[in-house]
file model_38.cif (mmCIF, C-alpha atoms)
data_my_file
loop_
_atom_site.group_PDB
_atom_site.id
_atom_site.type_symbol
_atom_site.label_atom_id
_atom_site.label_comp_id
_atom_site.auth_asym_id
_atom_site.auth_seq_id
_atom_site.Cartn_x
_atom_site.Cartn_y
_atom_site.Cartn_z
ATOM 1 C CA MET A 1 8.375 0.642 8.761
ATOM 2 C CA ALA A 2 7.947 4.207 7.583
ATOM 3 C CA HIS A 3 11.020 6.438 7.517
ATOM 4 C CA PRO A 4 11.406 10.213 7.715
ATOM 5 C CA SER A 5 10.602 12.223 4.566
ATOM 6 C CA GLN A 6 9.180 9.104 2.942
ATOM 7 C CA LEU A 7 6.940 9.892 -0.034
ATOM 8 C CA GLY A 8 5.798 6.524 -1.359
ATOM 9 C CA PHE A 9 4.639 3.274 0.133
ATOM 10 C CA GLN A 10 6.790 1.109 2.379
ATOM 11 C CA ASP A 11 8.620 -1.742 0.645
ATOM 12 C CA ALA A 12 6.227 -4.587 -0.072
ATOM 13 C CA ALA A 13 6.613 -7.725 2.018
ATOM 14 C CA SER A 14 3.729 -9.683 0.511
ATOM 15 C CA PRO A 15 2.693 -10.517 -3.062
ATOM 16 C CA VAL A 16 -0.567 -8.575 -2.746
ATOM 17 C CA MET A 17 1.266 -5.450 -1.603
ATOM 18 C CA GLU A 18 3.588 -5.732 -4.596
ATOM 19 C CA GLU A 19 0.546 -5.817 -6.871
ATOM 20 C CA LEU A 20 -0.913 -2.807 -5.084
ATOM 21 C CA LEU A 21 2.359 -0.908 -5.518
ATOM 22 C CA HIS A 22 2.396 -1.566 -9.266
ATOM 23 C CA PHE A 23 -1.277 -0.650 -9.549
ATOM 24 C CA HIS A 24 -0.636 2.603 -7.723
ATOM 25 C CA ASP A 25 2.158 3.395 -10.176
ATOM 26 C CA HIS A 26 -0.248 2.724 -13.032
ATOM 27 C CA ALA A 27 -2.985 4.928 -11.537
ATOM 28 C CA LEU A 28 -0.498 7.691 -10.735
ATOM 29 C CA MET A 29 0.776 7.605 -14.303
ATOM 30 C CA ILE A 30 -2.800 8.270 -15.465
ATOM 31 C CA VAL A 31 -3.124 11.039 -12.878
ATOM 32 C CA PHE A 32 0.010 12.724 -14.254
ATOM 33 C CA LEU A 33 -1.321 12.310 -17.806
ATOM 34 C CA ILE A 34 -4.589 14.076 -16.977
ATOM 35 C CA SER A 35 -2.963 16.698 -14.739
ATOM 36 C CA THR A 36 -0.448 17.673 -17.411
ATOM 37 C CA LEU A 37 -3.232 18.015 -19.966
ATOM 38 C CA VAL A 38 -5.407 20.099 -17.643
ATOM 39 C CA LEU A 39 -2.513 22.301 -16.539
ATOM 40 C CA TYR A 40 -1.546 23.048 -20.132
ATOM 41 C CA ILE A 41 -5.168 23.847 -21.014
ATOM 42 C CA ILE A 42 -5.524 26.150 -17.987
ATOM 43 C CA VAL A 43 -2.408 28.082 -18.966
ATOM 44 C CA ALA A 44 -3.642 28.306 -22.558
ATOM 45 C CA MET A 45 -7.104 29.495 -21.451
ATOM 46 C CA VAL A 46 -5.695 32.098 -19.099
ATOM 47 C CA SER A 47 -3.123 33.479 -21.529
ATOM 48 C CA THR A 48 -5.396 34.165 -24.517
ATOM 49 C CA LYS A 49 -6.576 37.586 -25.751
ATOM 50 C CA LEU A 50 -9.649 35.992 -27.310
ATOM 51 C CA THR A 51 -12.857 37.025 -25.589
ATOM 52 C CA ASN A 52 -15.549 34.975 -27.324
ATOM 53 C CA LYS A 53 -14.707 31.565 -25.995
ATOM 54 C CA TYR A 54 -17.595 30.638 -23.754
ATOM 55 C CA ILE A 55 -20.793 30.191 -25.788
ATOM 56 C CA LEU A 56 -19.676 27.663 -28.316
ATOM 57 C CA ASP A 57 -20.483 24.121 -29.246
ATOM 58 C CA SER A 58 -18.885 21.305 -31.132
ATOM 59 C CA GLN A 59 -20.288 17.822 -31.385
ATOM 60 C CA GLU A 60 -16.891 16.345 -32.222
ATOM 61 C CA ILE A 61 -15.165 17.568 -29.070
ATOM 62 C CA GLU A 62 -18.165 16.538 -26.964
ATOM 63 C CA VAL A 63 -17.802 12.997 -28.268
ATOM 64 C CA ILE A 64 -14.064 13.008 -27.637
ATOM 65 C CA TRP A 65 -14.258 14.259 -24.090
ATOM 66 C CA THR A 66 -16.940 11.707 -23.269
ATOM 67 C CA ILE A 67 -15.341 8.640 -24.837
ATOM 68 C CA LEU A 68 -11.774 9.365 -23.743
ATOM 69 C CA PRO A 69 -12.510 9.628 -19.981
ATOM 70 C CA ALA A 70 -14.634 6.470 -20.203
ATOM 71 C CA PHE A 71 -11.705 4.689 -21.820
ATOM 72 C CA ILE A 72 -9.319 5.982 -19.137
ATOM 73 C CA LEU A 73 -11.666 4.749 -16.417
ATOM 74 C CA ILE A 74 -11.716 1.294 -17.990
ATOM 75 C CA LEU A 75 -7.914 1.396 -18.090
ATOM 76 C CA ILE A 76 -7.937 1.996 -14.334
ATOM 77 C CA ALA A 77 -10.772 -0.397 -13.496
ATOM 78 C CA LEU A 78 -9.366 -3.520 -15.154
ATOM 79 C CA PRO A 79 -6.159 -3.867 -13.098
ATOM 80 C CA SER A 80 -8.067 -2.714 -10.022
ATOM 81 C CA LEU A 81 -10.648 -5.479 -10.346
ATOM 82 C CA ARG A 82 -7.879 -7.958 -11.075
ATOM 83 C CA ILE A 83 -6.261 -7.213 -7.737
ATOM 84 C CA LEU A 84 -9.614 -7.221 -5.970
ATOM 85 C CA TYR A 85 -10.333 -10.750 -7.171
ATOM 86 C CA LEU A 86 -6.748 -11.789 -6.455
ATOM 87 C CA MET A 87 -7.200 -10.722 -2.833
ATOM 88 C CA ASP A 88 -10.392 -12.736 -2.542
ATOM 89 C CA GLU A 89 -9.067 -15.998 -3.920
ATOM 90 C CA ILE A 90 -9.557 -19.154 -1.876
ATOM 91 C CA ASN A 91 -6.225 -19.329 -0.174
ATOM 92 C CA ASP A 92 -6.235 -22.358 2.191
ATOM 93 C CA PRO A 93 -4.359 -20.762 5.087
ATOM 94 C CA HIS A 94 -1.773 -22.713 7.081
ATOM 95 C CA LEU A 95 -2.535 -20.769 10.230
ATOM 96 C CA THR A 96 -5.405 -18.743 11.640
ATOM 97 C CA ILE A 97 -4.762 -16.014 14.197
ATOM 98 C CA LYS A 98 -7.346 -13.912 15.945
ATOM 99 C CA ALA A 99 -6.423 -10.280 16.478
ATOM 100 C CA MET A 100 -8.668 -8.596 19.016
ATOM 101 C CA GLY A 101 -8.591 -4.841 19.493
ATOM 102 C CA HIS A 102 -8.910 -3.384 22.957
ATOM 103 C CA GLN A 103 -8.499 0.052 24.422
ATOM 104 C CA TRP A 104 -5.533 0.333 23.972
ATOM 105 C CA TYR A 105 -3.708 -2.840 22.983
ATOM 106 C CA TRP A 106 -4.069 -5.824 20.690
ATOM 107 C CA SER A 107 -4.420 -9.421 21.798
ATOM 108 C CA TYR A 108 -3.561 -12.369 19.621
ATOM 109 C CA GLU A 109 -4.968 -15.880 19.864
ATOM 110 C CA TYR A 110 -3.425 -18.879 18.144
ATOM 111 C CA THR A 111 -6.043 -21.567 18.680
ATOM 112 C CA ASP A 112 -5.510 -23.924 15.730
ATOM 113 C CA TYR A 113 -3.676 -26.548 17.774
ATOM 114 C CA GLU A 114 -3.346 -25.369 21.364
ATOM 115 C CA ASP A 115 -4.775 -22.395 23.222
ATOM 116 C CA LEU A 116 -2.152 -19.705 22.931
ATOM 117 C CA GLY A 117 -3.121 -16.131 23.651
ATOM 118 C CA PHE A 118 -1.237 -13.025 24.695
ATOM 119 C CA ASP A 119 -1.596 -9.277 24.809
ATOM 120 C CA SER A 120 0.525 -6.869 22.822
ATOM 121 C CA TYR A 121 1.072 -3.489 24.437
ATOM 122 C CA MET A 122 3.142 -0.667 23.027
ATOM 123 C CA LEU A 123 6.604 -0.398 24.584
ATOM 124 C CA PRO A 124 6.766 2.949 26.414
ATOM 125 C CA THR A 125 9.429 5.284 25.056
ATOM 126 C CA GLN A 126 11.457 5.191 28.275
ATOM 127 C CA ASP A 127 11.671 1.379 28.059
ATOM 128 C CA LEU A 128 13.009 1.205 24.517
ATOM 129 C CA ALA A 129 16.372 -0.421 23.887
ATOM 130 C CA PRO A 130 18.835 1.314 21.516
ATOM 131 C CA GLY A 131 17.780 0.744 17.914
ATOM 132 C CA GLN A 132 14.120 0.176 18.709
ATOM 133 C CA PHE A 133 11.443 2.343 17.160
ATOM 134 C CA ARG A 134 9.479 4.888 19.179
ATOM 135 C CA LEU A 135 5.691 4.322 19.258
ATOM 136 C CA LEU A 136 6.029 1.253 17.037
ATOM 137 C CA GLU A 137 7.483 -1.463 19.236
ATOM 138 C CA ALA A 138 5.293 -3.827 21.217
ATOM 139 C CA ASP A 139 6.120 -6.065 24.151
ATOM 140 C CA HIS A 140 4.842 -9.210 22.386
ATOM 141 C CA ARG A 141 4.973 -9.533 18.642
ATOM 142 C CA MET A 142 2.636 -11.523 16.447
ATOM 143 C CA VAL A 143 4.990 -14.196 15.157
ATOM 144 C CA ILE A 144 4.131 -16.000 11.928
ATOM 145 C CA PRO A 145 5.884 -18.526 9.693
ATOM 146 C CA VAL A 146 7.360 -16.941 6.556
ATOM 147 C CA GLU A 147 6.000 -17.802 3.090
ATOM 148 C CA SER A 148 2.853 -19.391 4.561
ATOM 149 C CA PRO A 149 -0.691 -18.162 3.923
ATOM 150 C CA ILE A 150 -1.976 -16.693 7.169
ATOM 151 C CA ARG A 151 -5.597 -15.941 7.942
ATOM 152 C CA VAL A 152 -6.238 -13.189 10.492
ATOM 153 C CA LEU A 153 -9.662 -12.864 12.079
ATOM 154 C CA VAL A 154 -10.029 -9.346 13.351
ATOM 155 C CA SER A 155 -12.498 -8.152 15.943
ATOM 156 C CA ALA A 156 -12.715 -5.835 18.902
ATOM 157 C CA GLU A 157 -13.782 -6.038 22.505
ATOM 158 C CA ASP A 158 -14.905 -2.464 23.049
ATOM 159 C CA VAL A 159 -14.833 0.196 20.326
ATOM 160 C CA LEU A 160 -13.826 0.274 16.689
ATOM 161 C CA HIS A 161 -10.163 -0.381 15.905
ATOM 162 C CA SER A 162 -8.381 -1.354 12.720
ATOM 163 C CA TRP A 163 -5.590 -3.863 12.280
ATOM 164 C CA ALA A 164 -3.184 -2.590 9.648
ATOM 165 C CA VAL A 165 0.310 -3.512 8.474
ATOM 166 C CA PRO A 166 1.186 -1.384 5.418
ATOM 167 C CA SER A 167 4.145 -3.423 4.164
ATOM 168 C CA LEU A 168 1.989 -6.562 4.088
ATOM 169 C CA GLY A 169 -0.833 -4.721 2.314
ATOM 170 C CA VAL A 170 -3.287 -5.500 5.091
ATOM 171 C CA LYS A 171 -5.890 -3.361 6.786
ATOM 172 C CA MET A 172 -9.057 -4.680 8.374
ATOM 173 C CA ASP A 173 -11.500 -2.938 10.663
ATOM 174 C CA ALA A 174 -11.967 -4.432 14.113
ATOM 175 C CA VAL A 175 -15.667 -4.122 14.884
ATOM 176 C CA PRO A 176 -17.139 -5.269 18.202
ATOM 177 C CA GLY A 177 -19.493 -8.186 17.661
ATOM 178 C CA ARG A 178 -18.195 -8.819 14.138
ATOM 179 C CA LEU A 179 -15.515 -11.125 12.808
ATOM 180 C CA ASN A 180 -13.657 -9.756 9.816
ATOM 181 C CA GLN A 181 -11.256 -11.935 7.883
ATOM 182 C CA THR A 182 -8.127 -11.018 6.016
ATOM 183 C CA ALA A 183 -5.225 -13.059 4.706
ATOM 184 C CA PHE A 184 -1.673 -12.505 3.595
ATOM 185 C CA ILE A 185 1.630 -14.220 2.894
ATOM 186 C CA ALA A 186 4.910 -12.765 4.202
ATOM 187 C CA SER A 187 7.255 -13.141 1.218
ATOM 188 C CA ARG A 188 10.416 -12.700 3.262
ATOM 189 C CA PRO A 189 11.518 -12.970 6.911
ATOM 190 C CA GLY A 190 11.599 -9.789 8.922
ATOM 191 C CA VAL A 191 9.721 -7.524 11.275
ATOM 192 C CA PHE A 192 6.786 -5.518 9.937
ATOM 193 C CA TYR A 193 5.141 -2.639 11.739
ATOM 194 C CA GLY A 194 1.671 -1.189 11.688
ATOM 195 C CA GLN A 195 -0.551 1.033 13.773
ATOM 196 C CA CYS A 196 -4.188 1.043 14.812
ATOM 197 C CA SER A 197 -6.087 2.652 11.958
ATOM 198 C CA GLU A 198 -9.443 3.568 13.439
ATOM 199 C CA ILE A 199 -9.843 6.270 16.062
ATOM 200 C CA CYS A 200 -10.507 4.542 19.339
ATOM 201 C CA GLY A 201 -9.862 6.980 22.117
ATOM 202 C CA ALA A 202 -7.009 8.687 23.909
ATOM 203 C CA ASN A 203 -4.320 6.131 23.095
ATOM 204 C CA HIS A 204 -5.343 5.308 19.561
ATOM 205 C CA SER A 205 -1.867 6.295 18.331
ATOM 206 C CA PHE A 206 -0.207 4.124 20.960
ATOM 207 C CA MET A 207 -1.359 0.604 20.141
ATOM 208 C CA PRO A 208 0.982 -0.586 17.396
ATOM 209 C CA ILE A 209 1.038 -3.902 15.588
ATOM 210 C CA VAL A 210 4.289 -5.794 15.122
ATOM 211 C CA VAL A 211 4.410 -8.882 12.913
ATOM 212 C CA GLU A 212 7.530 -11.042 12.987
ATOM 213 C CA ALA A 213 7.974 -13.512 10.111
ATOM 214 C CA VAL A 214 10.426 -16.343 10.795
ATOM 215 C CA PRO A 215 11.024 -19.782 9.270
ATOM 216 C CA LEU A 216 8.564 -22.460 10.328
ATOM 217 C CA GLN A 217 10.875 -24.364 12.698
ATOM 218 C CA TYR A 218 11.540 -21.182 14.704
ATOM 219 C CA PHE A 219 7.862 -20.335 14.739
ATOM 220 C CA GLU A 220 7.120 -23.769 16.195
ATOM 221 C CA LYS A 221 9.802 -23.363 18.870
ATOM 222 C CA TRP A 222 8.461 -19.921 19.731
ATOM 223 C CA SER A 223 4.869 -21.123 20.059
ATOM 224 C CA SER A 224 5.951 -24.042 22.318
ATOM 225 C CA LEU A 225 7.892 -21.606 24.529
ATOM 226 C CA MET A 226 4.937 -19.235 24.663
ATOM 227 C CA LEU A 227 2.632 -22.064 25.665
ATOM 228 C CA GLU A 228 4.974 -23.064 28.477
ATOM 229 C CA ASP A 229 5.113 -19.482 29.732
ATOM 230 C CA THR A 230 1.312 -19.042 29.854
ATOM 231 C CA MET B 231 -5.341 50.861 -52.032
ATOM 232 C CA SER B 232 -7.701 48.868 -49.773
ATOM 233 C CA LEU B 233 -6.864 47.306 -46.469
ATOM 234 C CA GLN B 234 -6.687 43.536 -46.183
ATOM 235 C CA LYS B 235 -9.875 42.138 -44.594
ATOM 236 C CA PRO B 236 -9.060 41.286 -40.973
ATOM 237 C CA LEU B 237 -9.452 37.808 -39.619
ATOM 238 C CA MET B 238 -13.088 37.687 -38.482
ATOM 239 C CA ARG B 239 -13.765 34.169 -37.319
ATOM 240 C CA GLY B 240 -12.282 30.840 -36.418
ATOM 241 C CA MET B 241 -9.681 32.305 -34.072
ATOM 242 C CA LEU B 242 -10.486 30.033 -31.151
ATOM 243 C CA GLY B 243 -10.573 27.004 -33.419
ATOM 244 C CA LYS B 244 -7.193 27.980 -34.848
ATOM 245 C CA ARG B 245 -5.765 28.363 -31.337
ATOM 246 C CA LEU B 246 -7.200 25.046 -30.267
ATOM 247 C CA ARG B 247 -5.905 23.282 -33.381
ATOM 248 C CA PHE B 248 -2.475 24.584 -32.469
ATOM 249 C CA HIS B 249 -2.495 23.984 -28.720
ATOM 250 C CA LEU B 250 -4.547 20.825 -28.192
ATOM 251 C CA PRO B 251 -2.199 18.477 -30.080
ATOM 252 C CA ILE B 252 0.681 19.936 -28.081
ATOM 253 C CA ALA B 253 -1.296 19.460 -24.846
ATOM 254 C CA PHE B 254 -2.127 15.849 -25.624
ATOM 255 C CA SER B 255 1.419 15.104 -26.735
ATOM 256 C CA LEU B 256 2.922 16.630 -23.609
ATOM 257 C CA SER B 257 0.553 14.707 -21.352
ATOM 258 C CA LEU B 258 1.319 11.464 -23.174
ATOM 259 C CA LEU B 259 5.004 12.257 -22.830
ATOM 260 C CA ALA B 260 4.565 12.819 -19.087
ATOM 261 C CA ALA B 261 2.844 9.453 -18.767
ATOM 262 C CA ILE B 262 5.497 7.643 -20.790
ATOM 263 C CA ALA B 263 8.269 9.366 -18.831
ATOM 264 C CA PHE B 264 6.672 8.300 -15.544
ATOM 265 C CA LYS B 265 6.248 4.749 -16.813
ATOM 266 C CA TYR B 266 9.891 4.375 -17.826
ATOM 267 C CA ALA B 267 11.380 6.433 -15.001
ATOM 268 C CA VAL B 268 9.343 4.983 -12.122
ATOM 269 C CA THR B 269 6.991 2.121 -12.961
ATOM 270 C CA GLU B 270 9.308 -0.141 -14.964
ATOM 271 C CA PRO B 271 12.392 0.413 -12.725
ATOM 272 C CA ARG B 272 10.270 -0.446 -9.675
ATOM 273 C CA LYS B 273 8.989 -3.672 -11.256
ATOM 274 C CA GLN B 274 12.552 -4.545 -12.270
ATOM 275 C CA ALA B 275 13.882 -3.732 -8.793
ATOM 276 C CA TYR B 276 11.428 -6.132 -7.176
ATOM 277 C CA ALA B 277 12.144 -8.835 -9.765
ATOM 278 C CA ASP B 278 15.907 -8.451 -9.288
ATOM 279 C CA PHE B 279 15.599 -8.450 -5.506
ATOM 280 C CA TYR B 280 13.723 -11.725 -5.377
ATOM 281 C CA LYS B 281 15.793 -13.367 -8.113
ATOM 282 C CA GLN B 282 18.897 -13.306 -5.920
ATOM 283 C CA TYR B 283 17.130 -13.455 -2.583
ATOM 284 C CA ASP B 284 18.318 -16.074 -0.138
ATOM 285 C CA ALA B 285 15.741 -16.090 2.653
ATOM 286 C CA THR B 286 17.819 -18.305 4.959
ATOM 287 C CA LYS B 287 20.910 -16.140 4.623
ATOM 288 C CA GLU B 288 18.929 -12.963 5.223
ATOM 289 C CA PHE B 289 17.108 -14.521 8.148
ATOM 290 C CA ASN B 290 20.389 -15.573 9.780
ATOM 291 C CA ALA B 291 21.862 -12.117 9.287
ATOM 292 C CA MET B 292 18.786 -10.533 10.893
ATOM 293 C CA ARG B 293 18.872 -13.096 13.667
ATOM 294 C CA GLU B 294 22.504 -12.387 14.518
ATOM 295 C CA ALA B 295 21.737 -8.656 14.488
ATOM 296 C CA GLY B 296 19.228 -9.349 17.275
ATOM 297 C CA ILE B 297 16.190 -8.063 15.410
ATOM 298 C CA PHE B 298 13.856 -10.900 16.242
ATOM 299 C CA GLU B 299 12.200 -11.531 19.569
ATOM 300 C CA SER B 300 11.132 -15.104 18.880
ATOM 301 C CA VAL B 301 14.664 -16.147 17.804
ATOM 302 C CA ARG B 302 17.666 -14.858 19.694
ATOM 303 C CA PRO B 303 21.214 -14.680 18.191
ATOM 304 C CA SER B 304 22.952 -18.063 18.182
ATOM 305 C CA GLU B 305 25.504 -17.186 20.924
ATOM 306 C CA GLU B 306 22.790 -16.389 23.462
#

call {"tool": "encode", "arguments": {"input": "model_38.cif", "output": "structure tokens"}}
result
Amino acid sequence: MAHPSQLGFQDAASPVMEELLHFHDHALMIVFLISTLVLYIIVAMVSTKLTNKYILDSQEIEVIWTILPAFILILIALPSLRILYLMDEINDPHLTIKAMGHQWYWSYEYTDYEDLGFDSYMLPTQDLAPGQFRLLEADHRMVIPVESPIRVLVSAEDVLHSWAVPSLGVKMDAVPGRLNQTAFIASRPGVFYGQCSEICGANHSFMPIVVEAVPLQYFEKWSSLMLEDT
Amino acid sequence: MSLQKPLMRGMLGKRLRFHLPIAFSLSLLAAIAFKYAVTEPRKQAYADFYKQYDATKEFNAMREAGIFESVRPSEE
């Protein structure tokens, strides 16, 4: 989850998010390169006594400041496209879960083997146990097996929502009447938090997503228990 | 005794020839500094984390701490 005074991304919990982190570092490095150059040039332009500096031309510098930015853009585009294609690889998921957005809660359906479905409402602040996170906890978590490719089909029953879990590198719009697909692998066991990421009304900020990644045998026990309860 | 002819032209070019290499060098330095201060340590940190990572041990520790809802601590 996010923590106070955090500047960067949350720690990655999926391989794709790790790639995105490294790509962001690469892009930010280029941003610092250009910003330093521009800042130096601004200071140099502002601190000169020379007055005739505006109506000039030079073919050489025109070539340089056309080719160099094009080269920098290629330097950014290549890793970006690599990750884009990585995200779209055929991934043969072990499990498919449907995440449906409602005003103002999520519902999850595990229908691969049996018909398991449940709603996931935010835990009100007054009902939190010590150590739980305000506005992030939900009464029922989306439990998944760790280190397994998971496919999530995202849709909505009323208005636009968006299913997002930053540490897993996942965000997918929930559009009524449309089925959007995303996939991820949780690299390690743990609990990962997200929040609805598309404005959807009064309680848009109060419909969090909680994903719990546990080893397969515990996931199977949990899903059997859930089926008995419903 | 005649005065030396003052510098009449090429002043901007001279200034640019002095400052632009410094500007490009500083910006390259900033990029290299960021790469070795942030990018490479982050990659190494992730590599080191997963090299020694024991998922079962970590899972059991989290389980006993009561973090999970689907799996309660073993005494319960």

call {"tool": "resolve_selection", "arguments": {"input": "model_38.cif", "expression": "the PyMOL selection byres ((chain B) within 7 of (chain A))", "output": "MDAnalysis selection string"}}
result
chainID B and resid 242 253:254 257:258 260:261 264:265 269 285 289 300:301

call {"tool": "write_last_selection", "arguments": {"input": "model_38.cif", "atoms": "C-alpha atoms", "output": "compact mmCIF listing (two decimals), keeping the file's coordinate frame"}}
result
# COMPACT_ATOMS: atom_id res chain seq x y z
CA LEU B 242 -10.49 30.03 -31.15
CA ALA B 253 -1.30 19.46 -24.85
CA PHE B 254 -2.13 15.85 -25.62
CA SER B 257 0.55 14.71 -21.35
CA LEU B 258 1.32 11.46 -23.17
CA ALA B 260 4.57 12.82 -19.09
CA ALA B 261 2.84 9.45 -18.77
CA PHE B 264 6.67 8.30 -15.54
CA LYS B 265 6.25 4.75 -16.81
CA THR B 269 6.99 2.12 -12.96
CA ALA B 285 15.74 -16.09 2.65
CA PHE B 289 17.11 -14.52 8.15
CA SER B 300 11.13 -15.10 18.88
CA VAL B 301 14.66 -16.15 17.80

call {"tool": "resolve_selection", "arguments": {"input": "model_38.cif", "expression": "the PyMOL selection byres ((chain A and resi 193) around 8)", "output": "PyMOL selection string"}}
result
chain A and resi 1+136-137+165-167+191-192+194-195+208-211

call {"tool": "resolve_selection", "arguments": {"input": "model_38.cif", "expression": "the PyMOL selection byres ((chain A and resi 170-173) around 12)", "output": "VMD selection string"}}
result
chain A and resid 12 to 18 20 87 99 to 101 150 to 156 159 to 169 174 to 186 192 to 200 209 211

call {"tool": "atom_distance", "arguments": {"input": "model_38.cif", "atom1": "CA of Glu114 (chain A)", "atom2": "CA of Glu228 (chain A)"}}
result
11.2 Å

call {"tool": "atom_distance", "arguments": {"input": "model_38.cif", "atom1": "CA of Leu259 (chain B)", "atom2": "CA of Phe9 (chain A)"}}
result
24.7 Å

call {"tool": "axis_aligned_box", "arguments": {"input": "model_38.cif", "around": "region 265-279 of chain B", "padding_each_side": "8 Å", "output": "AutoDock Vina command-line options"}}
result
--center_x 11.1 --center_y -1.2 --center_z -11.7 --size_x 25.7 --size_y 31.3 --size_z 28.3

call {"tool": "closest_residue", "arguments": {"input": "model_38.cif", "among": "A:Leu128, A:Pro145, A:Ser224, A:Gly8", "to": "Asp115 (chain A)", "atoms": "all atoms listed in the file"}}
result
A:Ser224

call {"tool": "atom_distance", "arguments": {"input": "model_38.cif", "atom1": "CA of Glu62 (chain A)", "atom2": "CA of Pro236 (chain B)"}}
result
29.9 Å

call {"tool": "closest_residue", "arguments": {"input": "model_38.cif", "among": "B:Arg245, B:Ile252, B:Asn290, B:Ala277", "to": "Ser304 (chain B)", "atoms": "only C-alpha atoms"}}
result
B:Asn290

call {"tool": "decode", "arguments": {"input": "model_38.cif", "residues": "region 54-83 of chain A", "atoms": "C-alpha atoms", "output": "PDB file, in the first residue's frame"}}
result
ATOM      1  CA  TYR A  54      17.232  36.521 -31.633  1.00  0.00           C
ATOM      2  CA  ILE A  55      17.429  36.857 -35.430  1.00  0.00           C
ATOM      3  CA  LEU A  56      20.053  34.306 -36.230  1.00  0.00           C
ATOM      4  CA  ASP A  57      20.297  31.065 -38.099  1.00  0.00           C
ATOM      5  CA  SER A  58      22.580  28.097 -38.239  1.00  0.00           C
ATOM      6  CA  GLN A  59      21.946  24.995 -40.274  1.00  0.00           C
ATOM      7  CA  GLU A  60      24.255  22.906 -38.099  1.00  0.00           C
ATOM      8  CA  ILE A  61      22.404  23.564 -34.850  1.00  0.00           C
ATOM      9  CA  GLU A  62      19.057  23.048 -36.591  1.00  0.00           C
ATOM     10  CA  VAL A  63      20.197  19.590 -37.648  1.00  0.00           C
ATOM     11  CA  ILE A  64      21.463  18.800 -34.162  1.00  0.00           C
ATOM     12  CA  TRP A  65      18.335  19.854 -32.349  1.00  0.00           C
ATOM     13  CA  THR A  66      16.189  17.861 -34.757  1.00  0.00           C
ATOM     14  CA  ILE A  67      18.183  14.629 -34.793  1.00  0.00           C
ATOM     15  CA  LEU A  68      18.998  14.544 -31.083  1.00  0.00           C
ATOM     16  CA  PRO A  69      15.371  14.731 -29.828  1.00  0.00           C
ATOM     17  CA  ALA A  70      14.376  12.093 -32.394  1.00  0.00           C
ATOM     18  CA  PHE A  71      17.122   9.848 -31.057  1.00  0.00           C
ATOM     19  CA  ILE A  72      16.006  10.467 -27.461  1.00  0.00           C
ATOM     20  CA  LEU A  73      12.430   9.583 -28.392  1.00  0.00           C
ATOM     21  CA  ILE A  74      13.608   6.309 -29.911  1.00  0.00           C
ATOM     22  CA  LEU A  75      15.547   5.638 -26.708  1.00  0.00           C
ATOM     23  CA  ILE A  76      12.289   6.009 -24.782  1.00  0.00           C
ATOM     24  CA  ALA A  77      10.061   4.201 -27.280  1.00  0.00           C
ATOM     25  CA  LEU A  78      12.037   0.959 -27.535  1.00  0.00           C
ATOM     26  CA  PRO A  79      11.784  -0.156 -23.884  1.00  0.00           C
ATOM     27  CA  SER A  80       8.231   1.180 -23.775  1.00  0.00           C
ATOM     28  CA  LEU A  81       7.121  -0.974 -26.697  1.00  0.00           C
ATOM     29  CA  ARG A  82       8.981  -3.921 -25.210  1.00  0.00           C
ATOM     30  CA  ILE A  83       6.892  -3.719 -22.063  1.00  0.00           C
TER      31      ILE A  83
END
